[in-house]
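Working notes for the structure below.
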Amino acid sequence: RCCFDGIVFHLVYEVLFHASHRFLHTKSLYPHIHKLHHEFTDPVSIAAAYAHPIEHVFSNVLPAVVSLAILRPHLLSFVLFSMQGLHLTLAEHSGFAIQGESKDAAYHNLHHEKFRCNYGALAILDKCFGTYREAQAE
């Protein structure tokens with residue numbers, strides 16, 4: 001059950017997070033809400049939580065809550081999702097390549113630098129919609 005919950009949770013979360021994150025990049029919302037988070041063009045882990053309250057609810061909390069409401073997962077699955085979500089959020093804002101991660105901080109750093117790419121948490125929809133950008137090796 002944990003494996004099924006994990007796959008469904010991540011797919012639903014990716015769709016909702018990608019959509020809400022792209023919505024926050026629209027001309028009417030970005031300067032008032034999401035720009036605060038983008039003050040860090042080369043983010044550090046603490047920047048992961050540096051967001052307008054509306055953004056936090058709409059783009060961070062809501063996708064997870066909706067995913068959990070759809071799934072109604074086992075308690076162990078919920079704990080694992082929570083731990084993994086915190087780990088990934090901090091890791092992708094850390095500025096470091098972490099061994100064993102499917103994508104490292106360079107993916108999300110590029111989003112903070114260029115603004116119009118790499119909106120998703122897993123890069124699945126970015127690849128589908130042509131908004132995925134590979135970070136160049138330095």
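Residues in the structure tokens are numbered from 1 in each chain, the chains being A, B, ... in the order shown, and ligands are numbered from 1 in the order shown.
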
Quiz prompt | Shell around segment 119-134 of chain A at 7 Å using only C-alpha atoms, local window under 2 positions removed, as a ChimeraX atom specification | solution = /A:14,17-18,21-22,107,111,117,136

Quiz item: Any idea what's packed within 8 Å of segment 68-80 of chain A, counting only C-alpha atoms, ignoring anything in its chain fewer than 6 positions away? Could you give it as a ChimeraX atom specification?
Solution: /A:1-2,5-6,8-9

I need the chosen residues saved as a JSON list (two decimals), in the first residue's frame, with N, CA, C and O atoms.
[["chain", "number", "residue", "atom", "x", "y", "z"],
["A", 1, "ARG", "N", 0.82, -1.21, 0.00],
["A", 1, "ARG", "CA", 0.00, 0.00, 0.00],
["A", 1, "ARG", "C", 0.86, 1.26, 0.00],
["A", 1, "ARG", "O", 0.52, 2.24, -0.63],
["A", 2, "CYS", "N", 1.99, 1.26, 0.73],
["A", 2, "CYS", "CA", 2.86, 2.43, 0.78],
["A", 2, "CYS", "C", 3.40, 2.80, -0.60],
["A", 2, "CYS", "O", 3.48, 3.98, -0.93],
["A", 5, "ASP", "N", 0.53, 4.37, -2.62],
["A", 5, "ASP", "CA", 0.28, 5.70, -2.07],
["A", 5, "ASP", "C", 1.36, 6.67, -2.51],
["A", 5, "ASP", "O", 1.08, 7.81, -2.88],
["A", 6, "GLY", "N", 2.61, 6.23, -2.46],
["A", 6, "GLY", "CA", 3.73, 7.09, -2.83],
["A", 6, "GLY", "C", 3.66, 7.54, -4.27],
["A", 6, "GLY", "O", 3.86, 8.72, -4.58],
["A", 8, "VAL", "N", 0.97, 7.62, -6.34],
["A", 8, "VAL", "CA", -0.19, 8.48, -6.57],
["A", 8, "VAL", "C", 0.01, 9.85, -5.91],
["A", 8, "VAL", "O", -0.25, 10.89, -6.52],
["A", 9, "PHE", "N", 0.50, 9.86, -4.68],
["A", 9, "PHE", "CA", 0.73, 11.13, -3.99],
["A", 9, "PHE", "C", 1.66, 12.03, -4.80],
["A", 9, "PHE", "O", 1.37, 13.21, -5.01]]

Practice problem: Considering only C-alpha atoms, return as a PyMOL selection string whatever protein or nucleic-acid residues lie within 7 Å of segment 49-56 of chain A, sequence-local ones (same chain, fewer than 2 positions apart) excluded. | Solution: chain A and resi 33-34+36-37+46-47+58-61

Keeping only N, CA, C and O atoms, write the selected residues as a PDB file, in the first residue's frame.
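Wrote selection.pdb, looks like this:
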ATOM      1  N   ILE A  33       2.960  38.503  -4.847  1.00  0.00           N
ATOM      2  CA  ILE A  33       2.991  37.318  -3.990  1.00  0.00           C
ATOM      3  C   ILE A  33       4.299  36.527  -4.116  1.00  0.00           C
ATOM      4  O   ILE A  33       5.032  36.362  -3.150  1.00  0.00           O
ATOM      5  N   HIS A  34       4.615  36.052  -5.310  1.00  0.00           N
ATOM      6  CA  HIS A  34       5.715  35.098  -5.471  1.00  0.00           C
ATOM      7  C   HIS A  34       7.092  35.756  -5.528  1.00  0.00           C
ATOM      8  O   HIS A  34       8.102  35.118  -5.253  1.00  0.00           O
ATOM      9  N   LEU A  36       8.515  37.656  -3.536  1.00  0.00           N
ATOM     10  CA  LEU A  36       9.150  37.564  -2.225  1.00  0.00           C
ATOM     11  C   LEU A  36      10.060  36.338  -2.147  1.00  0.00           C
ATOM     12  O   LEU A  36      11.214  36.424  -1.719  1.00  0.00           O
ATOM     13  N   HIS A  37       9.557  35.190  -2.588  1.00  0.00           N
ATOM     14  CA  HIS A  37      10.350  33.954  -2.567  1.00  0.00           C
ATOM     15  C   HIS A  37      11.552  34.056  -3.503  1.00  0.00           C
ATOM     16  O   HIS A  37      12.614  33.500  -3.222  1.00  0.00           O
ATOM     17  N   ILE A  46      16.992  27.945   4.066  1.00  0.00           N
ATOM     18  CA  ILE A  46      15.996  28.748   4.772  1.00  0.00           C
ATOM     19  C   ILE A  46      15.065  29.464   3.787  1.00  0.00           C
ATOM     20  O   ILE A  46      13.921  29.782   4.119  1.00  0.00           O
ATOM     21  N   ALA A  47      15.511  29.681   2.550  1.00  0.00           N
ATOM     22  CA  ALA A  47      14.687  30.339   1.530  1.00  0.00           C
ATOM     23  C   ALA A  47      13.488  29.491   1.136  1.00  0.00           C
ATOM     24  O   ALA A  47      12.517  30.007   0.589  1.00  0.00           O
ATOM     25  N   PHE A  58      -1.419  28.324  -0.877  1.00  0.00           N
ATOM     26  CA  PHE A  58      -1.881  27.970  -2.220  1.00  0.00           C
ATOM     27  C   PHE A  58      -0.947  26.985  -2.928  1.00  0.00           C
ATOM     28  O   PHE A  58      -1.403  26.055  -3.586  1.00  0.00           O
ATOM     29  N   SER A  59       0.352  27.185  -2.799  1.00  0.00           N
ATOM     30  CA  SER A  59       1.297  26.395  -3.588  1.00  0.00           C
ATOM     31  C   SER A  59       2.033  25.324  -2.789  1.00  0.00           C
ATOM     32  O   SER A  59       2.493  24.352  -3.368  1.00  0.00           O
ATOM     33  N   ASN A  60       2.157  25.493  -1.491  1.00  0.00           N
ATOM     34  CA  ASN A  60       2.890  24.506  -0.695  1.00  0.00           C
ATOM     35  C   ASN A  60       1.961  23.570   0.072  1.00  0.00           C
ATOM     36  O   ASN A  60       2.131  22.361   0.034  1.00  0.00           O
ATOM     37  N   VAL A  61       0.988  24.132   0.772  1.00  0.00           N
ATOM     38  CA  VAL A  61       0.114  23.324   1.620  1.00  0.00           C
ATOM     39  C   VAL A  61      -1.009  22.664   0.817  1.00  0.00           C
ATOM     40  O   VAL A  61      -1.252  21.462   0.953  1.00  0.00           O
TER      41      VAL A  61
END

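Each of A:Val57, A:Met83, A:Ala19, A:Ala48 was compared to His112 of chain A using only C-alpha atoms, and A:Ala48 turns out to be the nearest.
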
Self-check item: Interatomic distance, atom CA of Cys3 of chain A to atom CA of Asn118 of chain A (Å, one decimal)
Solution: 26.0 Å

Quiz item: Tell me, which residues of segment 7-128 of chain A carry DSSP alpha helix (DSSP H), written as a ChimeraX atom specification?
Solution: /A:7-24,53-55,62-71,75-92,105-114,124-128

Self-check item: Distance query Phe115 of chain A at most 10 Å, only C-alpha atoms, self and fewer than 5 positions along chain excluded, as a list of chain:residue names
Solution: A:Arg22, A:His25, A:Lys35, A:His38, A:Thr41, A:His108, A:Asn109, A:Leu110

Restrict the selected residues to C-alpha atoms and save them as a PDB file, in the first residue's frame.
ATOM      1  CA  ARG A  22       3.123  28.540 -12.797  1.00  0.00           C
ATOM      2  CA  HIS A  25       4.401  33.422 -12.077  1.00  0.00           C
ATOM      3  CA  LYS A  35       8.425  37.713  -5.956  1.00  0.00           C
ATOM      4  CA  HIS A  38      12.470  34.891  -5.599  1.00  0.00           C
ATOM      5  CA  THR A  41      18.298  34.169  -6.762  1.00  0.00           C
ATOM      6  CA  HIS A 108      15.723  24.656  -8.738  1.00  0.00           C
ATOM      7  CA  ASN A 109      18.546  27.231  -8.659  1.00  0.00           C
ATOM      8  CA  LEU A 110      18.031  27.680 -12.380  1.00  0.00           C
TER       9      LEU A 110
END

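From atom CA of Ala64 of chain A back to atom CA of Leu11 of chain A, the distance works out to 10.9 Å.
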
Quiz prompt | Computed interatomic separation between atom CA of His32 of chain A and atom CA of Leu16 of chain A (Å) | solution =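 These atoms are spaced 20.8 Å apart.
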